[in-house]
>>> print(open('run30.txt').read())   # compact mmCIF, C-alpha atoms
# COMPACT_ATOMS: atom_id res chain seq x y z
CA MET T 873 13.27 -197.51 143.89
CA ASP T 874 16.29 -195.75 145.32
CA GLN T 875 17.23 -195.80 149.00
CA LEU T 876 16.02 -192.29 149.82
CA HIS T 877 12.61 -192.92 148.27
CA THR T 878 12.30 -196.20 150.20
CA LEU T 879 13.10 -194.39 153.46
CA LEU T 880 10.51 -191.71 152.72
CA VAL T 881 7.84 -194.34 151.99
CA LEU T 882 8.67 -196.18 155.23
CA PHE T 883 8.58 -192.95 157.23
CA GLU T 884 5.29 -191.73 155.80
CA HIS T 885 3.49 -195.08 156.01
CA PHE T 886 4.60 -196.04 159.52
CA MET T 887 3.74 -192.55 160.75
CA VAL T 888 0.18 -192.78 159.40
CA LEU T 889 -0.18 -196.39 160.62
CA SER T 890 0.87 -195.44 164.15
CA LEU T 891 -2.16 -193.21 164.59
CA PHE T 892 -4.45 -196.18 164.03
CA ALA T 893 -2.76 -198.43 166.59
CA VAL T 894 -5.59 -197.93 169.06
CA GLY T 895 -7.41 -200.24 171.41
CA GLY T 896 -5.58 -203.46 170.78
CA GLY T 897 -2.14 -202.18 169.87
CA PRO T 898 0.01 -202.69 166.79
CA SER T 899 -1.06 -206.29 166.13
CA MET T 900 -4.29 -204.99 164.70
CA LEU T 901 -2.28 -203.20 162.00
CA LEU T 902 -0.57 -206.32 160.66
CA PRO T 903 -3.10 -206.74 157.81
CA GLN T 904 -2.48 -203.13 156.81
CA MET T 905 1.31 -203.52 156.99
CA ARG T 906 1.08 -206.57 154.73
CA GLN T 907 -1.21 -204.68 152.34
CA GLU T 908 1.21 -201.76 152.04
CA PHE T 909 4.70 -203.23 152.30
CA VAL T 910 4.15 -206.66 150.72
CA LEU T 911 1.36 -206.19 148.16
CA GLN T 912 1.78 -202.52 147.25
CA TYR T 913 5.50 -201.70 147.54
CA HIS T 914 7.02 -205.22 147.36
CA PHE T 915 9.57 -204.36 150.05
CA LEU T 916 9.30 -207.99 151.12
CA THR T 917 7.51 -211.21 150.16
CA ASP T 918 4.70 -212.91 152.09
CA ARG T 919 7.29 -215.52 153.03
CA SER T 920 9.60 -212.92 154.64
CA PHE T 921 6.65 -211.14 156.23
CA THR T 922 5.60 -214.26 158.12
CA GLU T 923 9.24 -215.01 158.91
CA LEU T 924 9.71 -211.55 160.47
CA LEU T 925 6.46 -212.02 162.36
CA ALA T 926 7.78 -215.28 163.80
CA VAL T 927 11.10 -213.64 164.73
CA ALA T 928 9.36 -210.63 166.33
CA GLN T 929 7.23 -213.02 168.35
CA ALA T 930 10.02 -215.35 169.39
CA THR T 931 12.60 -212.74 170.40
CA PRO T 932 12.36 -210.65 173.58
CA GLY T 933 11.09 -207.11 173.14
CA PRO T 934 7.92 -205.07 172.78
CA ASN T 935 5.36 -206.49 170.33
CA PHE T 936 5.93 -203.79 167.69
CA LEU T 937 9.47 -204.99 166.83
CA ILE T 938 7.98 -206.12 163.51
CA VAL T 939 8.20 -202.41 162.55
CA PRO T 940 12.01 -202.04 162.59
CA LEU T 941 12.31 -205.57 161.16
CA ILE T 942 10.28 -204.59 158.09
CA GLY T 943 12.30 -201.37 157.86
CA PHE T 944 15.57 -203.32 158.02
CA ARG T 945 14.42 -205.72 155.29
CA ALA T 946 13.48 -202.77 153.05
CA ALA T 947 16.48 -200.49 153.63
CA SER T 948 18.96 -201.98 156.15
CA TRP T 949 19.80 -200.09 159.37
CA PRO T 950 18.65 -196.67 158.11
CA GLY T 951 15.31 -198.32 157.26
CA ALA T 952 15.01 -199.87 160.73
CA ILE T 953 15.75 -196.56 162.47
CA VAL T 954 13.49 -194.45 160.23
CA SER T 955 10.62 -196.95 160.65
CA ILE T 956 10.73 -197.15 164.43
CA VAL T 957 11.11 -193.38 164.84
CA ALA T 958 8.19 -192.75 162.47
CA PHE T 959 6.07 -195.29 164.32
CA LEU T 960 6.73 -193.83 167.77
CA VAL T 961 6.96 -190.06 167.32
CA LEU T 962 3.29 -189.08 166.95
CA PRO T 963 1.74 -191.37 169.62
CA MET T 964 4.49 -190.44 172.10
CA THR T 965 4.06 -186.71 171.48
CA LEU T 966 0.29 -186.97 171.85
CA THR T 967 0.55 -189.12 174.99
CA PHE T 968 3.15 -186.75 176.47
CA PHE T 969 0.83 -183.73 176.25
CA VAL T 970 -2.39 -185.58 177.11
CA GLY T 971 -0.61 -187.17 180.09
CA ARG T 972 0.37 -183.73 181.40
CA LEU T 973 -3.08 -182.31 180.71
CA LEU T 974 -4.93 -185.11 182.50
CA HIS T 975 -2.54 -185.36 185.45
CA GLN T 976 -4.78 -183.20 187.62
CA HIS T 977 -8.14 -183.76 185.96
CA ASP T 978 -10.83 -186.36 186.34
CA ASN T 979 -11.05 -188.50 183.22
CA GLU T 980 -14.52 -189.87 182.69
CA TRP T 981 -14.26 -189.34 178.91
CA VAL T 982 -11.22 -191.64 178.82
CA ALA T 983 -13.44 -194.50 180.04
CA ARG T 984 -16.01 -193.57 177.39
CA ILE T 985 -13.48 -193.70 174.55
CA ARG T 986 -12.08 -197.00 175.81
CA ARG T 987 -15.57 -198.52 175.88
CA GLY T 988 -16.11 -197.26 172.34
CA PHE T 989 -13.05 -199.08 171.04
CA ARG T 990 -13.95 -202.48 172.40
CA PRO T 991 -16.36 -203.84 169.76
CA ALA T 992 -13.98 -202.61 167.04
CA THR T 993 -11.07 -204.27 168.83
CA GLY T 994 -12.86 -207.62 168.99
CA GLY T 995 -13.58 -207.73 165.27
CA LEU T 996 -10.18 -206.47 164.18
CA TRP T 997 -8.32 -209.04 166.29
CA ILE T 998 -10.17 -211.72 164.31
CA VAL T 999 -9.36 -209.93 161.04
CA SER T 1000 -5.66 -209.90 161.97
CA GLY T 1001 -5.80 -213.61 162.68
CA ILE T 1002 -7.51 -214.41 159.38
CA VAL T 1003 -5.15 -212.26 157.28
CA ILE T 1004 -2.04 -213.76 158.88
CA ALA T 1005 -3.49 -217.24 158.40
CA MET T 1006 -4.13 -216.47 154.71
CA ALA T 1007 -0.53 -215.31 154.30
CA THR T 1008 1.06 -218.19 156.15
CA ASP T 1009 -1.16 -221.29 156.18
CA HIS T 1010 -0.47 -222.96 152.84
CA THR T 1011 -0.77 -226.52 154.13
CA VAL T 1012 -3.47 -228.46 155.95
CA GLY T 1013 -1.10 -228.88 158.89
CA ALA T 1014 -0.54 -225.13 159.23
CA LEU T 1015 -4.27 -224.40 158.98
CA GLY T 1016 -4.83 -227.10 161.60
CA ILE T 1017 -2.36 -225.35 163.92
CA THR T 1018 -4.21 -222.02 163.56
CA LEU T 1019 -7.66 -223.51 164.14
CA GLY T 1020 -6.40 -225.75 166.94
CA VAL T 1021 -4.73 -222.87 168.79
CA ALA T 1022 -7.77 -220.64 168.24
CA ALA T 1023 -10.04 -223.26 169.82
CA LEU T 1024 -7.72 -224.45 172.60
CA SER T 1025 -6.68 -220.96 173.72
CA LEU T 1026 -10.36 -220.15 174.26
CA ILE T 1027 -10.39 -222.89 176.89
CA VAL T 1028 -6.84 -222.73 178.28
CA ASP T 1029 -5.82 -219.11 178.95
CA ILE T 1030 -1.99 -219.25 178.94
CA SER T 1031 0.60 -216.81 177.55
CA PRO T 1032 0.76 -216.76 173.70
CA MET T 1033 4.43 -217.62 174.12
CA TRP T 1034 3.52 -221.20 175.09
CA TRP T 1035 1.27 -221.68 172.06
CA CYS T 1036 4.04 -220.43 169.78
CA LEU T 1037 6.50 -222.82 171.44
CA ILE T 1038 4.19 -225.83 171.06
CA ALA T 1039 3.20 -224.90 167.51
CA GLY T 1040 6.82 -224.23 166.53
CA ALA T 1041 7.70 -227.77 167.58
CA ALA T 1042 4.66 -229.15 165.76
CA GLY T 1043 5.66 -227.18 162.64
CA ALA T 1044 9.18 -228.65 162.71
CA ILE T 1045 7.79 -232.19 162.89
CA LEU T 1046 5.20 -231.62 160.15
CA ALA T 1047 7.73 -230.01 157.76
CA MET C 1307 4.08 -191.25 192.31
CA ASN C 1308 5.73 -192.21 195.60
CA SER C 1309 6.70 -188.77 196.88
CA ASP C 1310 8.92 -190.10 199.70
CA ALA C 1311 11.08 -192.20 197.37
CA PRO C 1312 13.93 -190.52 195.43
CA LYS C 1313 13.03 -189.98 191.77
CA PRO C 1314 14.82 -192.28 189.31
CA SER C 1315 17.48 -190.63 187.14
CA LEU C 1316 17.65 -190.89 183.34
CA TRP C 1317 20.26 -193.64 183.72
CA ASP C 1318 18.00 -195.60 186.12
CA ILE C 1319 15.21 -195.31 183.54
CA ILE C 1320 17.39 -196.56 180.65
CA VAL C 1321 18.61 -199.54 182.72
CA ALA C 1322 15.11 -200.44 183.96
CA PHE C 1323 13.51 -200.32 180.50
CA THR C 1324 16.40 -202.22 178.91
CA ILE C 1325 15.57 -205.00 181.38
CA VAL C 1326 11.88 -204.69 180.49
CA GLY C 1327 12.69 -204.95 176.76
CA LEU C 1328 15.03 -207.91 177.08
CA THR C 1329 12.70 -209.89 179.37
CA SER C 1330 9.52 -209.35 177.31
CA VAL C 1331 8.37 -212.39 175.40
CA GLY C 1332 4.76 -212.15 174.28
CA GLY C 1333 4.10 -208.61 175.55
CA ALA C 1334 5.98 -206.05 177.64
CA ALA C 1335 3.16 -205.06 180.02
CA GLY C 1336 3.90 -207.80 182.58
CA PRO C 1337 7.67 -207.15 182.73
CA MET C 1338 7.08 -203.37 182.94
CA ARG C 1339 4.86 -203.88 185.99
CA HIS C 1340 7.39 -206.22 187.57
CA VAL C 1341 10.39 -203.90 187.06
CA THR C 1342 8.74 -200.57 187.98
CA VAL C 1343 6.20 -201.57 190.66
CA VAL C 1344 7.47 -204.80 192.24
CA GLN C 1345 11.25 -204.44 192.04
CA ARG C 1346 11.85 -200.68 192.16
CA HIS C 1347 8.71 -199.26 193.85
CA TRP C 1348 8.71 -196.29 191.48
CA LEU C 1349 4.92 -196.18 191.56
CA SER C 1350 2.04 -198.08 193.13
CA GLU C 1351 -0.10 -200.77 191.55
CA SER C 1352 -3.08 -198.42 191.26
CA GLU C 1353 -1.01 -195.57 189.80
CA LEU C 1354 0.20 -197.97 187.11
CA ALA C 1355 -3.36 -199.16 186.47
CA GLU C 1356 -4.51 -195.58 186.01
CA LEU C 1357 -1.72 -194.85 183.50
CA TYR C 1358 -2.50 -198.13 181.77
CA GLY C 1359 -6.15 -197.19 181.25
CA LEU C 1360 -5.15 -193.85 179.78
CA GLY C 1361 -2.44 -195.48 177.65
CA GLN C 1362 -5.02 -197.82 176.11
CA ALA C 1363 -7.29 -194.96 175.08
CA LEU C 1364 -4.52 -193.21 173.09
CA PRO C 1365 -2.97 -194.29 169.78
CA GLY C 1366 0.29 -196.26 169.90
CA SER C 1367 1.73 -199.12 171.93
CA VAL C 1368 0.20 -199.22 175.43
CA VAL C 1369 3.57 -199.93 177.04
CA VAL C 1370 5.24 -197.00 175.25
CA ASN C 1371 2.35 -194.71 176.22
CA VAL C 1372 2.53 -195.74 179.88
CA ALA C 1373 6.33 -195.37 179.89
CA THR C 1374 5.99 -191.91 178.32
CA MET C 1375 3.65 -190.58 181.01
CA MET C 1376 5.44 -192.33 183.88
CA CYS C 1377 8.95 -191.20 182.96
CA ASP C 1378 7.88 -187.63 182.16
CA ARG C 1379 6.72 -187.40 185.78
CA PHE C 1380 10.04 -188.85 187.01
CA ALA C 1381 12.54 -187.00 184.85
CA GLY C 1382 10.84 -184.47 182.58
CA PRO C 1383 10.73 -184.60 178.76
CA LEU C 1384 13.96 -186.63 178.47
CA GLY C 1385 12.48 -189.38 180.66
CA PRO C 1386 10.23 -190.83 177.92
CA LEU C 1387 13.13 -190.80 175.43
CA ALA C 1388 15.35 -192.69 177.89
CA ALA C 1389 12.61 -195.26 178.51
CA VAL C 1390 11.99 -195.90 174.81
CA ALA C 1391 15.71 -196.07 174.05
CA GLY C 1392 16.05 -198.79 176.70
CA LEU C 1393 12.93 -200.59 175.55
CA VAL C 1394 13.63 -200.60 171.80
CA ILE C 1395 17.36 -200.34 171.00
CA PRO C 1396 18.83 -203.47 172.68
CA SER C 1397 15.87 -205.73 171.83
CA GLY C 1398 15.67 -204.26 168.29
CA ILE C 1399 19.34 -205.08 167.63
CA VAL C 1400 18.82 -208.64 168.89
CA ALA C 1401 15.72 -209.06 166.70
CA VAL C 1402 17.46 -207.76 163.53
CA ALA C 1403 20.44 -210.05 164.15
CA LEU C 1404 18.17 -213.06 164.72
CA SER C 1405 16.08 -212.29 161.62
CA GLY C 1406 19.24 -212.56 159.51
CA ILE C 1407 20.10 -215.91 161.06
CA ALA C 1408 16.50 -217.11 160.68
CA THR C 1409 16.46 -216.36 156.95
CA ARG C 1410 19.66 -218.35 156.38
CA LEU C 1411 18.45 -221.29 158.49
CA ALA C 1412 14.99 -221.37 156.86
CA ALA C 1413 16.56 -221.43 153.38
CA SER C 1414 18.76 -224.43 154.21
CA ASN C 1415 16.58 -226.40 156.64
CA PRO C 1416 12.92 -227.28 155.96
CA HIS C 1417 12.33 -228.15 159.62
CA PHE C 1418 13.33 -224.63 160.67
CA ALA C 1419 10.99 -223.18 158.03
CA GLY C 1420 8.33 -225.41 159.64
CA VAL C 1421 9.03 -223.83 163.03
CA GLU C 1422 8.39 -220.37 161.55
CA VAL C 1423 5.13 -221.49 159.95
CA GLY C 1424 4.10 -223.07 163.26
CA ILE C 1425 4.77 -219.90 165.23
CA THR C 1426 2.88 -217.57 162.87
CA GLY C 1427 0.09 -220.12 162.51
CA ALA C 1428 -0.27 -220.19 166.31
CA LEU C 1429 -0.13 -216.40 166.44
CA ALA C 1430 -3.04 -216.21 163.98
CA GLY C 1431 -4.97 -218.63 166.20
CA VAL C 1432 -4.24 -216.57 169.32
CA PHE C 1433 -5.48 -213.39 167.59
CA ILE C 1434 -8.70 -215.11 166.50
CA SER C 1435 -9.40 -216.35 170.02
CA ASN C 1436 -8.52 -212.92 171.51
CA GLY C 1437 -11.18 -211.43 169.25
CA LEU C 1438 -13.74 -214.10 170.09
CA ARG C 1439 -13.07 -213.50 173.80
CA VAL C 1440 -13.73 -209.76 173.43
CA LEU C 1441 -16.95 -210.39 171.50
CA ALA C 1442 -18.09 -212.96 174.09
CA ALA C 1443 -17.37 -210.45 176.88
CA LEU C 1444 -19.40 -207.78 175.07
CA TRP C 1445 -22.29 -210.20 175.11
CA SER C 1446 -22.03 -211.48 178.67
CA GLU C 1447 -20.93 -208.37 180.60
CA ALA C 1448 -24.22 -206.51 180.13
CA PRO C 1449 -26.95 -208.96 181.20
CA ASP C 1450 -29.32 -206.10 182.05
CA LEU C 1451 -29.38 -204.85 178.45
CA ARG C 1452 -32.11 -205.97 176.06
CA VAL C 1453 -31.04 -208.84 173.80
CA ALA C 1454 -31.29 -206.62 170.71
CA TRP C 1455 -28.70 -204.18 172.12
CA ARG C 1456 -26.36 -206.97 173.15
CA CYS C 1457 -26.64 -208.35 169.60
CA ALA C 1458 -25.86 -204.89 168.26
CA ARG C 1459 -22.64 -204.65 170.32
CA VAL C 1460 -21.41 -208.01 169.05
CA ALA C 1461 -22.57 -207.23 165.50
CA ILE C 1462 -20.40 -204.10 165.37
CA GLY C 1463 -17.39 -206.30 166.09
CA ALA C 1464 -18.42 -208.89 163.53
CA LEU C 1465 -18.98 -206.12 160.98
CA GLY C 1466 -15.21 -205.52 161.07
CA ILE C 1467 -14.63 -208.95 159.54
CA VAL C 1468 -17.14 -208.24 156.75
CA LEU C 1469 -15.64 -204.80 156.03
CA VAL C 1470 -12.00 -205.90 155.82
CA ILE C 1471 -12.09 -209.51 154.62
CA GLY C 1472 -15.33 -209.30 152.58
CA LEU C 1473 -15.32 -205.76 151.22
CA HIS C 1474 -11.51 -205.23 151.24
CA LEU C 1475 -11.76 -202.00 153.17
CA ILE C 1476 -8.40 -200.97 154.65
CA VAL C 1477 -8.06 -201.47 158.42
CA PRO C 1478 -7.81 -197.76 159.41
CA VAL C 1479 -11.05 -196.94 157.57
CA ALA C 1480 -12.82 -199.97 159.05
CA MET C 1481 -11.54 -198.96 162.48
CA VAL C 1482 -13.01 -195.44 162.17
CA VAL C 1483 -16.38 -196.81 161.00
CA LEU C 1484 -16.56 -199.32 163.85
CA VAL C 1485 -15.44 -196.91 166.56
CA VAL C 1486 -17.94 -194.25 165.48
CA LEU C 1487 -20.73 -196.86 165.40
CA SER C 1488 -19.88 -198.23 168.82
CA ILE C 1489 -19.49 -194.80 170.47
CA LEU C 1490 -22.91 -193.84 169.05
CA LEU C 1491 -24.39 -197.05 170.43
CA ASP C 1492 -22.70 -196.56 173.81
CA TRP C 1493 -24.01 -192.98 173.89
CA HIS C 1494 -27.52 -194.13 173.10
CA LEU C 1495 -27.46 -196.86 175.75
CA ARG C 1496 -26.08 -194.56 178.47
CA GLY C 1497 -28.76 -192.01 177.54
CA ALA C 1498 -31.48 -194.67 177.84
CA GLU C 1499 -30.01 -195.76 181.18
CA SER C 1500 -30.00 -192.28 182.72
CA THR C 1501 -33.57 -191.44 181.65
CA ALA C 1502 -34.90 -194.80 182.91
>>> encode(input="run30.txt", output="structure tokens")
Amino acid sequence: MDQLHTLLVLFEHFMVLSLFAVGGGPSMLLPQMRQEFVLQYHFLTDRSFTELLAVAQATPGPNFLIVPLIGFRAASWPGAIVSIVAFLVLPMTLTFFVGRLLHQHDNEWVARIRRGFRPATGGLWIVSGIVIAMATDHTVGALGITLGVAALSLIVDISPMWWCLIAGAAGAILA
Amino acid sequence: MNSDAPKPSLWDIIVAFTIVGLTSVGGAAGPMRHVTVVQRHWLSESELAELYGLGQALPGSVVVNVATMMCDRFAGPLGPLAAVAGLVIPSGIVAVALSGIATRLAASNPHFAGVEVGITGALAGVFISNGLRVLAALWSEAPDLRVAWRCARVAIGALGIVLVIGLHLIVPVAMVVLVVLSILLDWHLRGAESTA
């Protein structure tokens, strides 16, 4: 696939994906990103996908940095720029106009839509977790980390950053 | 917005959101609140909460949506672009640079590869428990509802797992199915409430 075609695929797919980043944010789209960019287009392997996920999580920045990272892996800097622009342009445009429209108005229907998303959000968080675990947990130790964090973070509600720190150290020892 | 305070310029916005981007680890919502409400008094706590609620109901990153509405009110249409440039460009460059280093380290050092597996493994666990928390809240937050309806709310969430993992439906399609189902249910329950 030549460079221009790769850029077009990135642009089109991230643009469509962005419209479905509702309720719980971009993390819910990780299974879909893997489906499209790893399994369908082979822009990157499962190994690099989980690596980029770890980098996006461990470096400072908004949680959708996985988007330009995938773009960079597929088509260097042009890929990173095209991907992030495609991912942001439609939601920002929509929010810009809705924000102006609702500035003066009461917004009861906003509460209604938000309530409607919540059951979907709950299920799709779990789906995201399972799909990432299937892509990354190839050893008993790794699976243990996922299940352990899932159980412990139900009891101890601390920032995900701490779990990643602890699990990163555990991963280094187990490897 | 605070009408007595001077409105931030485009440059102020770029600087503020660069700080937000570079201090965000595990989500930018906390740093955005700290920089705009606590440090700079650009808007009040409740104004931010209102934008946050709206930002959650629209597609896209919540933080980007909030920044878009906030900075449009401060500086017009260029405000949102300045905010996103500050939020994404510096942290994006850092992330791309680190991803290159990470690949080289992981190839040469199995312990570093282990760190990566640990982090993503933990992330998967965090997502699973986030989901379980939401489902548990759906159950416990409506004690006045009949048990059958509370089951239905949780079942819509659980259906997502069946649709995507079991039936291999793509996430956007599953999302539409679930949202339509849950809005219908919400509609029905509100209707029942108001006639009761």
>>> residues_around(input="run30.txt", residues="Val1483 (chain C)", least_positions_apart="4", cutoff="9 Å", atoms="only C-alpha atoms", output="list in words")
Ala992 of chain T; Gly1466, Pro1478, Val1479, Leu1487 and Ser1488 of chain C
>>> closest_residue(input="run30.txt", among="T:Gly995, T:Pro963, T:Gly1001, T:Gly971", to="Val888 (chain T)", atoms="only C-alpha atoms")
T:Pro963
>>> closest_residue(input="run30.txt", among="C:Thr1342, C:Asn1415, C:Ser1352, C:Asn1371", to="chain T", atoms="all atoms listed in the file")
C:Asn1371
>>> atom_distance(input="run30.txt", atom1="CA of Pro1032 (chain T)", atom2="CA of Leu1429 (chain C)")
7.3 Å
>>> residues_around(input="run30.txt", residues="region 884-887 of chain T", least_positions_apart="3", cutoff="8 Å", atoms="only C-alpha atoms", output="list in words")
Leu880, Val881, Ser890, Leu891, Val939, Ser955, Ile956, Ala958, Phe959, Leu960, Val961 and Leu962 of chain T
>>> write_last_selection(input="run30.txt", atoms="C-alpha atoms", output="compact mmCIF listing (two decimals), keeping the file's coordinate frame")
# COMPACT_ATOMS: atom_id res chain seq x y z
CA LEU T 880 10.51 -191.71 152.72
CA VAL T 881 7.84 -194.34 151.99
CA SER T 890 0.87 -195.44 164.15
CA LEU T 891 -2.16 -193.21 164.59
CA VAL T 939 8.20 -202.41 162.55
CA SER T 955 10.62 -196.95 160.65
CA ILE T 956 10.73 -197.15 164.43
CA ALA T 958 8.19 -192.75 162.47
CA PHE T 959 6.07 -195.29 164.32
CA LEU T 960 6.73 -193.83 167.77
CA VAL T 961 6.96 -190.06 167.32
CA LEU T 962 3.29 -189.08 166.95
>>> residues_around(input="run30.txt", residues="region 1311-1325 of chain C", least_positions_apart="4", cutoff="7 Å", atoms="only C-alpha atoms", output="PDB file with C-alpha atoms, keeping the file's coordinate frame")
ATOM      1  CA  THR C1329      12.700-209.890 179.370  1.00  0.00           C
ATOM      2  CA  VAL C1341      10.390-203.900 187.060  1.00  0.00           C
ATOM      3  CA  PHE C1380      10.040-188.850 187.010  1.00  0.00           C
ATOM      4  CA  ALA C1381      12.540-187.000 184.850  1.00  0.00           C
ATOM      5  CA  GLY C1385      12.480-189.380 180.660  1.00  0.00           C
ATOM      6  CA  ALA C1388      15.350-192.690 177.890  1.00  0.00           C
ATOM      7  CA  ALA C1389      12.610-195.260 178.510  1.00  0.00           C
ATOM      8  CA  ALA C1391      15.710-196.070 174.050  1.00  0.00           C
ATOM      9  CA  GLY C1392      16.050-198.790 176.700  1.00  0.00           C
ATOM     10  CA  LEU C1393      12.930-200.590 175.550  1.00  0.00           C
ATOM     11  CA  PRO C1396      18.830-203.470 172.680  1.00  0.00           C
TER      12      PRO C1396
END
>>> atom_distance(input="run30.txt", atom1="CA of Gly1424 (chain C)", atom2="CA of Ala1480 (chain C)")
28.9 Å
>>> closest_residue(input="run30.txt", among="C:Arg1379, C:Thr1426, C:Trp1493, C:Ile1399", to="Asp918 (chain T)", atoms="all atoms listed in the file")
C:Thr1426
>>> atom_distance(input="run30.txt", atom1="CA of Met1006 (chain T)", atom2="CA of Pro932 (chain T)")
25.7 Å
>>> residues_near_point(input="run30.txt", point="(-9.7, -202.4, 169.9)", cutoff="10 Å", atoms="all atoms listed in the file", output="list in words")
Ala893, Val894, Gly895, Gly896, Gly897, Met900, Arg986, Arg987, Gly988, Phe989, Arg990, Pro991, Ala992, Thr993, Gly994, Gly995, Leu996 and Trp997 of chain T; Gln1362, Ala1363, Gly1437, Val1440, Gly1463, Met1481, Leu1484 and Val1485 of chain C
>>> closest_residue(input="run30.txt", among="T:Gln907, T:Thr922, T:Thr967, T:Ser1031", to="His1010 (chain T)", atoms="all atoms listed in the file")
T:Thr922
>>> closest_residue(input="run30.txt", among="C:Leu1495, C:Ala1454, C:Ala1408, C:Ala1464", to="Ala1442 (chain C)", atoms="all atoms listed in the file")
C:Ala1464
>>> closest_residue(input="run30.txt", among="T:Leu902, T:Ala946, T:Leu924, T:Ala1047", to="Leu876 (chain T)", atoms="only C-alpha atoms")
T:Ala946
>>> residues_around(input="run30.txt", residues="Ile1407 (chain C)", least_positions_apart="6", cutoff="12 Å", atoms="only C-alpha atoms", output="PyMOL selection string")
(chain T and resi 923-924+927) or (chain C and resi 1400-1401+1413-1415+1418)
>>> residues_around(input="run30.txt", residues="Leu879 (chain T)", least_positions_apart="2", cutoff="7 Å", atoms="only C-alpha atoms", output="compact mmCIF listing (two decimals) with C-alpha atoms, in the coordinates of the input")
# COMPACT_ATOMS: atom_id res chain seq x y z
CA GLN T 875 17.23 -195.80 149.00
CA LEU T 876 16.02 -192.29 149.82
CA HIS T 877 12.61 -192.92 148.27
CA VAL T 881 7.84 -194.34 151.99
CA LEU T 882 8.67 -196.18 155.23
CA PHE T 883 8.58 -192.95 157.23
CA ALA T 947 16.48 -200.49 153.63
CA GLY T 951 15.31 -198.32 157.26
CA VAL T 954 13.49 -194.45 160.23
